>>> print(open('data.pdb').read())   # PDB, C-alpha atoms and all ligand atoms
ATOM      1  CA  MET Y 595      -2.165  33.040 -11.031  1.00  0.00           C
ATOM      2  CA  THR Y 596      -2.087  31.105  -7.798  1.00  0.00           C
ATOM      3  CA  TYR Y 597      -3.421  27.650  -7.147  1.00  0.00           C
ATOM      4  CA  GLU Y 598      -3.079  25.417  -4.120  1.00  0.00           C
ATOM      5  CA  LEU Y 599      -3.577  21.709  -3.495  1.00  0.00           C
ATOM      6  CA  LYS Y 600      -3.258  19.955  -0.157  1.00  0.00           C
ATOM      7  CA  PHE Y 601      -3.475  16.278   0.779  1.00  0.00           C
ATOM      8  CA  ASP Y 602      -3.265  14.635   4.182  1.00  0.00           C
ATOM      9  CA  VAL Y 603      -1.205  11.457   4.430  1.00  0.00           C
ATOM     10  CA  GLU Y 604      -1.564   9.123   7.377  1.00  0.00           C
ATOM     11  CA  ARG Y 605       1.068   6.876   8.877  1.00  0.00           C
ATOM     12  CA  GLY Y 606       1.074   3.385   7.369  1.00  0.00           C
ATOM     13  CA  ASP Y 607      -1.350   4.462   4.665  1.00  0.00           C
ATOM     14  CA  PHE Y 608       0.051   2.220   1.928  1.00  0.00           C
ATOM     15  CA  GLU Y 609      -3.288   1.605   0.277  1.00  0.00           C
ATOM     16  CA  THR Y 610      -3.736   5.173  -0.853  1.00  0.00           C
ATOM     17  CA  ALA Y 611      -0.044   6.109  -0.822  1.00  0.00           C
ATOM     18  CA  GLY Y 612       0.914   7.611  -4.128  1.00  0.00           C
ATOM     19  CA  LEU Y 613      -2.527   9.113  -4.643  1.00  0.00           C
ATOM     20  CA  ALA Y 614      -1.530  12.668  -3.732  1.00  0.00           C
ATOM     21  CA  SER Y 615       1.445  12.725  -6.087  1.00  0.00           C
ATOM     22  CA  ARG Y 616      -0.700  11.257  -8.867  1.00  0.00           C
ATOM     23  CA  LYS Y 617      -3.299  14.002  -8.375  1.00  0.00           C
ATOM     24  CA  ILE Y 618      -0.578  16.632  -8.314  1.00  0.00           C
ATOM     25  CA  LYS Y 619       0.819  15.272 -11.582  1.00  0.00           C
ATOM     26  CA  LYS Y 620      -2.617  15.342 -13.220  1.00  0.00           C
ATOM     27  CA  THR Y 621      -3.232  18.913 -12.092  1.00  0.00           C
ATOM     28  CA  LEU Y 622       0.118  20.085 -13.465  1.00  0.00           C
ATOM     29  CA  GLN Y 623      -0.638  18.415 -16.792  1.00  0.00           C
ATOM     30  CA  GLN Y 624      -3.996  20.188 -16.932  1.00  0.00           C
ATOM     31  CA  LEU Y 625      -2.282  23.487 -16.149  1.00  0.00           C
ATOM     32  CA  GLY Y 626       0.099  22.935 -19.060  1.00  0.00           C
ATOM     33  CA  ILE Y 627       3.306  22.888 -16.993  1.00  0.00           C
ATOM     34  CA  ASN Y 628       6.303  21.604 -18.978  1.00  0.00           C
ATOM     35  CA  ASN Y 629       6.961  17.856 -18.878  1.00  0.00           C
ATOM     36  CA  LYS Y 630      10.424  18.042 -17.313  1.00  0.00           C
ATOM     37  CA  THR Y 631       9.114  20.001 -14.343  1.00  0.00           C
ATOM     38  CA  ILE Y 632       6.134  17.658 -14.010  1.00  0.00           C
ATOM     39  CA  ARG Y 633       8.531  14.711 -13.891  1.00  0.00           C
ATOM     40  CA  GLN Y 634      10.665  16.369 -11.207  1.00  0.00           C
ATOM     41  CA  VAL Y 635       7.675  17.365  -9.061  1.00  0.00           C
ATOM     42  CA  SER Y 636       6.171  13.879  -9.436  1.00  0.00           C
ATOM     43  CA  ILE Y 637       9.347  12.170  -8.241  1.00  0.00           C
ATOM     44  CA  ALA Y 638       9.851  14.591  -5.346  1.00  0.00           C
ATOM     45  CA  GLY Y 639       6.183  14.451  -4.373  1.00  0.00           C
ATOM     46  CA  TYR Y 640       6.040  10.668  -4.467  1.00  0.00           C
ATOM     47  CA  GLU Y 641       9.177  10.294  -2.336  1.00  0.00           C
ATOM     48  CA  GLY Y 642       7.838  12.832   0.155  1.00  0.00           C
ATOM     49  CA  GLU Y 643       4.447  11.168   0.281  1.00  0.00           C
ATOM     50  CA  MET Y 644       6.000   7.743   0.888  1.00  0.00           C
ATOM     51  CA  ASN Y 645       8.202   9.131   3.649  1.00  0.00           C
ATOM     52  CA  LEU Y 646       5.094  10.480   5.362  1.00  0.00           C
ATOM     53  CA  ALA Y 647       3.440   7.057   5.186  1.00  0.00           C
ATOM     54  CA  ILE Y 648       6.554   5.111   6.189  1.00  0.00           C
ATOM     55  CA  HIS Y 649       8.480   7.283   8.624  1.00  0.00           C
ATOM     56  CA  SER Y 650       6.135   9.929  10.030  1.00  0.00           C
ATOM     57  CA  ASP Y 651       3.208  10.023  12.401  1.00  0.00           C
ATOM     58  CA  GLY Y 652       1.220  11.634   9.594  1.00  0.00           C
ATOM     59  CA  GLY Y 653       1.281  14.924   7.787  1.00  0.00           C
ATOM     60  CA  TYR Y 654       0.408  16.658   4.570  1.00  0.00           C
ATOM     61  CA  ILE Y 655       1.766  17.413   1.152  1.00  0.00           C
ATOM     62  CA  SER Y 656       0.885  20.694  -0.479  1.00  0.00           C
ATOM     63  CA  LEU Y 657       1.540  22.224  -3.868  1.00  0.00           C
ATOM     64  CA  MET Y 658       1.405  25.910  -4.635  1.00  0.00           C
ATOM     65  CA  VAL Y 659       1.369  27.034  -8.231  1.00  0.00           C
ATOM     66  CA  LEU Y 660       2.832  30.514  -8.472  1.00  0.00           C
ATOM     67  CA  ASP Y 661       3.906  32.704 -11.358  1.00  0.00           C
ATOM     68  CA  GLY Y 662       7.117  31.106 -12.626  1.00  0.00           C
ATOM     69  CA  GLU Y 663       7.485  28.487  -9.931  1.00  0.00           C
ATOM     70  CA  LEU Y 664       5.904  25.633  -8.022  1.00  0.00           C
ATOM     71  CA  VAL Y 665       6.345  25.186  -4.280  1.00  0.00           C
ATOM     72  CA  LEU Y 666       5.986  21.737  -2.754  1.00  0.00           C
ATOM     73  CA  VAL Y 667       5.762  21.484   1.041  1.00  0.00           C
ATOM     74  CA  ILE Y 668       5.802  18.194   2.937  1.00  0.00           C
ATOM     75  CA  GLU Y 669       5.270  18.517   6.651  1.00  0.00           C
ATOM     76  CA  ASP Y 670       4.555  16.103   9.488  1.00  0.00           C
ATOM     77  CA  THR Y 671       4.031  16.064  13.229  1.00  0.00           C
ATOM     78  CA  GLY Y 672       6.811  13.686  14.184  1.00  0.00           C
ATOM     79  CA  PRO Y 673       8.897  11.836  15.132  1.00  0.00           C
ATOM     80  CA  GLY Y 674      11.467  14.144  13.505  1.00  0.00           C
ATOM     81  CA  ILE Y 675      14.938  13.354  12.163  1.00  0.00           C
ATOM     82  CA  PRO Y 676      17.772  13.398  14.732  1.00  0.00           C
ATOM     83  CA  ASP Y 677      20.639  13.729  12.204  1.00  0.00           C
ATOM     84  CA  ILE Y 678      19.593  15.435   8.963  1.00  0.00           C
ATOM     85  CA  ALA Y 679      23.052  15.227   7.339  1.00  0.00           C
ATOM     86  CA  LEU Y 680      23.033  11.461   7.865  1.00  0.00           C
ATOM     87  CA  ALA Y 681      19.445  11.081   6.611  1.00  0.00           C
ATOM     88  CA  MET Y 682      20.373  13.045   3.462  1.00  0.00           C
ATOM     89  CA  GLN Y 683      23.139  10.585   2.566  1.00  0.00           C
ATOM     90  CA  GLU Y 684      22.411   8.263  -0.364  1.00  0.00           C
ATOM     91  CA  GLY Y 685      21.748   4.764   0.922  1.00  0.00           C
ATOM     92  CA  TYR Y 686      20.991   5.713   4.524  1.00  0.00           C
ATOM     93  CA  SER Y 687      17.703   4.212   5.711  1.00  0.00           C
ATOM     94  CA  THR Y 688      16.115   3.173   8.961  1.00  0.00           C
ATOM     95  CA  ALA Y 689      13.340   1.270   7.142  1.00  0.00           C
ATOM     96  CA  GLY Y 690      12.471  -2.094   8.676  1.00  0.00           C
ATOM     97  CA  ASP Y 691      12.180  -5.445   6.914  1.00  0.00           C
ATOM     98  CA  GLU Y 692       8.455  -5.121   6.265  1.00  0.00           C
ATOM     99  CA  VAL Y 693       8.918  -1.824   4.447  1.00  0.00           C
ATOM    100  CA  ARG Y 694      11.913  -3.164   2.505  1.00  0.00           C
ATOM    101  CA  GLU Y 695       9.835  -6.134   1.351  1.00  0.00           C
ATOM    102  CA  MET Y 696       7.443  -3.628  -0.216  1.00  0.00           C
ATOM    103  CA  GLY Y 697      10.344  -2.212  -2.194  1.00  0.00           C
ATOM    104  CA  PHE Y 698      11.165   0.833  -0.109  1.00  0.00           C
ATOM    105  CA  GLY Y 699      14.182   1.601   2.048  1.00  0.00           C
ATOM    106  CA  ALA Y 700      16.921   2.188  -0.520  1.00  0.00           C
ATOM    107  CA  GLY Y 701      17.729   5.426   1.252  1.00  0.00           C
ATOM    108  CA  MET Y 702      17.239   7.415  -1.947  1.00  0.00           C
ATOM    109  CA  GLY Y 703      14.082   9.419  -1.235  1.00  0.00           C
ATOM    110  CA  LEU Y 704      15.593  12.529   0.339  1.00  0.00           C
ATOM    111  CA  PRO Y 705      18.549  12.672  -2.135  1.00  0.00           C
ATOM    112  CA  ASN Y 706      16.041  12.314  -5.004  1.00  0.00           C
ATOM    113  CA  MET Y 707      13.962  15.194  -3.629  1.00  0.00           C
ATOM    114  CA  ARG Y 708      17.027  17.412  -3.393  1.00  0.00           C
ATOM    115  CA  ASN Y 709      18.312  16.444  -6.856  1.00  0.00           C
ATOM    116  CA  ASN Y 710      14.978  16.968  -8.592  1.00  0.00           C
ATOM    117  CA  SER Y 711      14.194  20.403  -7.145  1.00  0.00           C
ATOM    118  CA  ASP Y 712      15.723  23.794  -7.910  1.00  0.00           C
ATOM    119  CA  ALA Y 713      15.732  24.708  -4.219  1.00  0.00           C
ATOM    120  CA  PHE Y 714      15.491  22.299  -1.292  1.00  0.00           C
ATOM    121  CA  GLU Y 715      15.174  23.041   2.402  1.00  0.00           C
ATOM    122  CA  ILE Y 716      14.659  20.564   5.225  1.00  0.00           C
ATOM    123  CA  ASN Y 717      14.053  21.362   8.868  1.00  0.00           C
ATOM    124  CA  SER Y 718      13.403  18.789  11.534  1.00  0.00           C
ATOM    125  CA  GLU Y 719      13.167  18.648  15.262  1.00  0.00           C
ATOM    126  CA  PRO Y 720      12.963  15.343  17.150  1.00  0.00           C
ATOM    127  CA  GLY Y 721       9.657  15.092  18.973  1.00  0.00           C
ATOM    128  CA  VAL Y 722       8.164  17.906  16.918  1.00  0.00           C
ATOM    129  CA  GLY Y 723       8.302  17.025  13.220  1.00  0.00           C
ATOM    130  CA  THR Y 724       9.848  17.542   9.821  1.00  0.00           C
ATOM    131  CA  ARG Y 725       9.204  20.167   7.166  1.00  0.00           C
ATOM    132  CA  ILE Y 726      10.574  20.024   3.635  1.00  0.00           C
ATOM    133  CA  GLU Y 727      10.102  22.873   1.168  1.00  0.00           C
ATOM    134  CA  MET Y 728      11.052  22.503  -2.483  1.00  0.00           C
ATOM    135  CA  HIS Y 729      10.871  25.026  -5.320  1.00  0.00           C
ATOM    136  CA  PHE Y 730      10.683  24.223  -9.027  1.00  0.00           C
ATOM    137  CA  ASN Y 731      11.131  26.794 -11.779  1.00  0.00           C
ATOM    138  CA  THR Y 732       8.460  26.634 -14.445  1.00  0.00           C
ATOM    139  CA  LYS Y 733       9.762  29.373 -16.736  1.00  0.00           C
ATOM    140  CA  THR Y 734      11.930  27.811 -19.443  1.00  0.00           C
TER     141      THR Y 734
HETATM  142  N1  LIG Y 801       9.302  12.464   7.547  1.00  0.00           N
HETATM  143  C1  LIG Y 801      10.249  11.766   8.191  1.00  0.00           C
HETATM  144  N2  LIG Y 801      10.171  11.609   9.543  1.00  0.00           N
HETATM  145  C2  LIG Y 801      11.117  10.928  10.213  1.00  0.00           C
HETATM  146  N3  LIG Y 801      12.194  10.355   9.631  1.00  0.00           N
HETATM  147  C3  LIG Y 801      12.320  10.483   8.300  1.00  0.00           C
HETATM  148  C4  LIG Y 801      11.369  11.192   7.509  1.00  0.00           C
HETATM  149  N4  LIG Y 801      11.771  11.170   6.228  1.00  0.00           N
HETATM  150  C5  LIG Y 801      12.923  10.485   6.215  1.00  0.00           C
HETATM  151  N5  LIG Y 801      13.274  10.057   7.445  1.00  0.00           N
HETATM  152  C6  LIG Y 801      14.501   9.332   7.838  1.00  0.00           C
HETATM  153  O1  LIG Y 801      15.500   9.547   6.844  1.00  0.00           O
HETATM  154  C7  LIG Y 801      15.881   8.295   6.272  1.00  0.00           C
HETATM  155  C8  LIG Y 801      16.222   8.489   4.814  1.00  0.00           C
HETATM  156  O2  LIG Y 801      15.038   8.824   4.080  1.00  0.00           O
HETATM  157  P1  LIG Y 801      14.960   8.478   2.525  1.00  0.00           P
HETATM  158  O3  LIG Y 801      13.644   8.867   2.004  1.00  0.00           O
HETATM  159  O4  LIG Y 801      16.166   9.067   1.852  1.00  0.00           O
HETATM  160  O5  LIG Y 801      15.155   6.891   2.492  1.00  0.00           O
HETATM  161  P2  LIG Y 801      14.097   5.740   2.860  1.00  0.00           P
HETATM  162  O6  LIG Y 801      12.727   6.318   2.969  1.00  0.00           O
HETATM  163  O7  LIG Y 801      14.606   5.041   4.052  1.00  0.00           O
HETATM  164  O8  LIG Y 801      14.206   4.804   1.593  1.00  0.00           O
HETATM  165  P3  LIG Y 801      13.586   5.105   0.126  1.00  0.00           P
HETATM  166  O9  LIG Y 801      13.098   6.528   0.130  1.00  0.00           O
HETATM  167  O10 LIG Y 801      14.719   4.922  -0.840  1.00  0.00           O
HETATM  168  O11 LIG Y 801      12.494   4.117  -0.046  1.00  0.00           O
HETATM  169  C9  LIG Y 801      14.743   7.362   6.553  1.00  0.00           C
HETATM  170  O12 LIG Y 801      15.131   6.000   6.549  1.00  0.00           O
HETATM  171  C10 LIG Y 801      14.299   7.828   7.945  1.00  0.00           C
HETATM  172  O13 LIG Y 801      15.162   7.338   8.943  1.00  0.00           O
HETATM  173 MG    MG Y 802      11.988   7.569   1.478  1.00  0.00          MG
END
>>> encode(input="data.pdb", output="structure tokens")
Amino acid sequence: MTYELKFDVERGDFETAGLASRKIKKTLQQLGINNKTIRQVSIAGYEGEMNLAIHSDGGYISLMVLDGELVLVIEDTGPGIPDIALAMQEGYSTAGDEVREMGFGAGMGLPNMRNNSDAFEINSEPGVGTRIEMHFNTKT
């Protein structure tokens, strides 16, 4: 069985931020996916969605439900990440004061995405954009 969900996320869209990951969570619950995987996808999806709103010029988050695994893709159209190894470090953040006052900017989003997925791949090109693909096993 295959199933796909896709949500656009705009830059600075804090009002609806979190909506896509909530809908993804609900869908996975309805599909009867195990709770541990739902938790992992929810965390990874939320972090990815917030990064789109905070750091990107806009993009989308998509979920594919395949036989035995889920694939979460988070892609945007810029500005890209100049040093991926640095961005992946726990605690590294370029978030400004305004964003930090809202409770973001701990520099934990990307590490959380990597730690909660069974496979994690990030590609980014400055001036072009960033694409993150995560896989989650659903067979226990
Ligand atoms: N989609 C993106 N486009 C451009 N830069 C990004 C993107 N995602 C992350 N970054 C860069 O990588 C840094 C680290 O991201 P990460 O999600 O780990 O932390 P954060 O968003 O700053 O804080 P937190 O996620 O803990 O609220 C960001 O501060 C930003 O500089
Ligand atoms: Mg983040």
>>> closest_residue(input="data.pdb", among="Y:Ile627, Y:Gly685, Y:Lys600, Y:Gly721", to="Y:Asp661", atoms="only C-alpha atoms")
Y:Ile627
>>> closest_residue(input="data.pdb", among="Y:Met644, Y:Val667, Y:Ile716, Y:Met707", to="ligand MG 802 (chain Y)", atoms="all atoms listed in the file")
Y:Met644
>>> closest_residue(input="data.pdb", among="Y:Val603, Y:Ala713, Y:Leu613, Y:Leu657", to="ligand LIG 801 (chain Y)", atoms="all atoms listed in the file")
Y:Val603
>>> residues_near_ligand(input="data.pdb", ligand="ligand LIG 801 (chain Y)", cutoff="9 Å", atoms="all atoms listed in the file", output="PyMOL selection string")
chain Y and resi 641-653+668-678+680-690+693-694+697-707+718+720+723-726
>>> axis_aligned_box(input="data.pdb", around="stretch 607-619 of chain Y", padding_each_side="6 Å", output="lines of an AutoDock Vina configuration file")
center_x = -1.1
center_y = 9.1
center_z = -3.5
size_x = 17.2
size_y = 27.0
size_z = 28.2
>>> resolve_selection(input="data.pdb", expression="the PyMOL selection byres (((chain Y and resi 622) around 12) and not hetatm)", output="short mmCIF file (atom, residue, chain, number, x, y, z; two decimals) with C-alpha atoms, in the frame of the given file")
data_model
loop_
_atom_site.label_atom_id
_atom_site.label_comp_id
_atom_site.auth_asym_id
_atom_site.auth_seq_id
_atom_site.Cartn_x
_atom_site.Cartn_y
_atom_site.Cartn_z
CA TYR Y 597 -3.42 27.65 -7.15
CA GLU Y 598 -3.08 25.42 -4.12
CA LEU Y 599 -3.58 21.71 -3.50
CA SER Y 615 1.44 12.72 -6.09
CA ARG Y 616 -0.70 11.26 -8.87
CA LYS Y 617 -3.30 14.00 -8.38
CA ILE Y 618 -0.58 16.63 -8.31
CA LYS Y 619 0.82 15.27 -11.58
CA LYS Y 620 -2.62 15.34 -13.22
CA THR Y 621 -3.23 18.91 -12.09
CA GLN Y 623 -0.64 18.42 -16.79
CA GLN Y 624 -4.00 20.19 -16.93
CA LEU Y 625 -2.28 23.49 -16.15
CA GLY Y 626 0.10 22.94 -19.06
CA ILE Y 627 3.31 22.89 -16.99
CA ASN Y 628 6.30 21.60 -18.98
CA ASN Y 629 6.96 17.86 -18.88
CA LYS Y 630 10.42 18.04 -17.31
CA THR Y 631 9.11 20.00 -14.34
CA ILE Y 632 6.13 17.66 -14.01
CA ARG Y 633 8.53 14.71 -13.89
CA GLN Y 634 10.66 16.37 -11.21
CA VAL Y 635 7.68 17.36 -9.06
CA SER Y 636 6.17 13.88 -9.44
CA LEU Y 657 1.54 22.22 -3.87
CA MET Y 658 1.40 25.91 -4.64
CA VAL Y 659 1.37 27.03 -8.23
CA LEU Y 660 2.83 30.51 -8.47
CA GLU Y 663 7.48 28.49 -9.93
CA LEU Y 664 5.90 25.63 -8.02
CA THR Y 732 8.46 26.63 -14.44
#
>>> atom_distance(input="data.pdb", atom1="atom CA of Y:Phe608", atom2="atom CA of Y:Met696")
9.7 Å
>>> residues_around(input="data.pdb", residues="Y:Leu666", least_positions_apart="6", cutoff="6 Å", atoms="all atoms listed in the file", output="number ranges by chain")
Y: 656-657, 727-728
>>> closest_residue(input="data.pdb", among="Y:Glu695, Y:Arg605, Y:Ser711, Y:Glu719", to="Y:Ala638", atoms="all atoms listed in the file")
Y:Ser711
>>> closest_residue(input="data.pdb", among="Y:Tyr640, Y:Phe601, Y:Phe730, Y:Phe714", to="ligand MG 802 (chain Y)", atoms="all atoms listed in the file")
Y:Tyr640
>>> atom_distance(input="data.pdb", atom1="atom CA of Y:Glu604", atom2="atom CA of Y:Tyr654")
8.3 Å
>>> atom_distance(input="data.pdb", atom1="atom CA of Y:Arg708", atom2="atom CA of Y:Asp602")
21.8 Å
>>> closest_residue(input="data.pdb", among="Y:Ala614, Y:Gly639, Y:Asp607, Y:Glu692", to="ligand MG 802 (chain Y)", atoms="only C-alpha atoms and all ligand atoms")
Y:Gly639
>>> decode(input="data.pdb", residues="stretch 675-698 of chain Y", atoms="N, CA and C atoms", output="short mmCIF file (atom, residue, chain, number, x, y, z; two decimals), in the first residue's frame")
data_model
loop_
_atom_site.label_atom_id
_atom_site.label_comp_id
_atom_site.auth_asym_id
_atom_site.auth_seq_id
_atom_site.Cartn_x
_atom_site.Cartn_y
_atom_site.Cartn_z
N ILE Y 675 22.39 25.69 3.31
CA ILE Y 675 23.26 25.63 4.50
C ILE Y 675 24.71 25.56 4.03
N PRO Y 676 25.51 26.59 4.37
CA PRO Y 676 26.90 26.62 3.87
C PRO Y 676 27.79 25.51 4.44
N ASP Y 677 27.61 25.16 5.72
CA ASP Y 677 28.45 24.15 6.36
C ASP Y 677 27.54 23.14 7.07
N ILE Y 678 27.26 22.03 6.39
CA ILE Y 678 26.31 21.05 6.93
C ILE Y 678 26.84 20.40 8.21
N ALA Y 679 28.14 20.07 8.23
CA ALA Y 679 28.72 19.42 9.42
C ALA Y 679 28.55 20.31 10.65
N LEU Y 680 28.73 21.60 10.47
CA LEU Y 680 28.55 22.55 11.57
C LEU Y 680 27.08 22.62 11.98
N ALA Y 681 26.19 22.72 11.00
CA ALA Y 681 24.75 22.81 11.29
C ALA Y 681 24.24 21.56 12.01
N MET Y 682 24.88 20.41 11.75
CA MET Y 682 24.45 19.15 12.37
C MET Y 682 24.90 19.03 13.81
N GLN Y 683 25.82 19.90 14.24
CA GLN Y 683 26.32 19.81 15.62
C GLN Y 683 25.25 20.23 16.62
N GLU Y 684 25.15 19.48 17.72
CA GLU Y 684 24.20 19.83 18.78
C GLU Y 684 24.56 21.19 19.35
N GLY Y 685 23.57 22.07 19.43
CA GLY Y 685 23.80 23.38 20.03
C GLY Y 685 24.16 24.48 19.03
N TYR Y 686 24.43 24.08 17.77
CA TYR Y 686 24.73 25.13 16.78
C TYR Y 686 23.45 25.72 16.23
N SER Y 687 23.32 27.04 16.30
CA SER Y 687 22.12 27.71 15.78
C SER Y 687 22.44 29.11 15.32
N THR Y 688 21.83 29.51 14.23
CA THR Y 688 21.96 30.89 13.77
C THR Y 688 20.68 31.68 14.07
N ALA Y 689 19.78 31.09 14.87
CA ALA Y 689 18.50 31.74 15.17
C ALA Y 689 18.72 33.08 15.87
N GLY Y 690 17.94 34.07 15.48
CA GLY Y 690 18.04 35.40 16.08
C GLY Y 690 17.24 35.48 17.38
N ASP Y 691 17.34 36.64 18.03
CA ASP Y 691 16.70 36.83 19.34
C ASP Y 691 15.19 36.59 19.30
N GLU Y 692 14.57 37.08 18.24
CA GLU Y 692 13.10 36.98 18.14
C GLU Y 692 12.65 35.52 18.16
N VAL Y 693 13.39 34.70 17.39
CA VAL Y 693 13.08 33.28 17.30
C VAL Y 693 13.37 32.58 18.63
N ARG Y 694 14.46 32.99 19.28
CA ARG Y 694 14.82 32.39 20.57
C ARG Y 694 13.79 32.72 21.64
N GLU Y 695 13.21 33.93 21.55
CA GLU Y 695 12.17 34.31 22.51
C GLU Y 695 10.93 33.45 22.36
N MET Y 696 10.74 32.88 21.18
CA MET Y 696 9.60 31.97 20.96
C MET Y 696 9.93 30.55 21.41
N GLY Y 697 11.15 30.35 21.86
CA GLY Y 697 11.52 29.04 22.39
C GLY Y 697 12.29 28.15 21.43
N PHE Y 698 12.66 28.71 20.28
CA PHE Y 698 13.44 27.93 19.33
C PHE Y 698 14.90 28.39 19.36
#
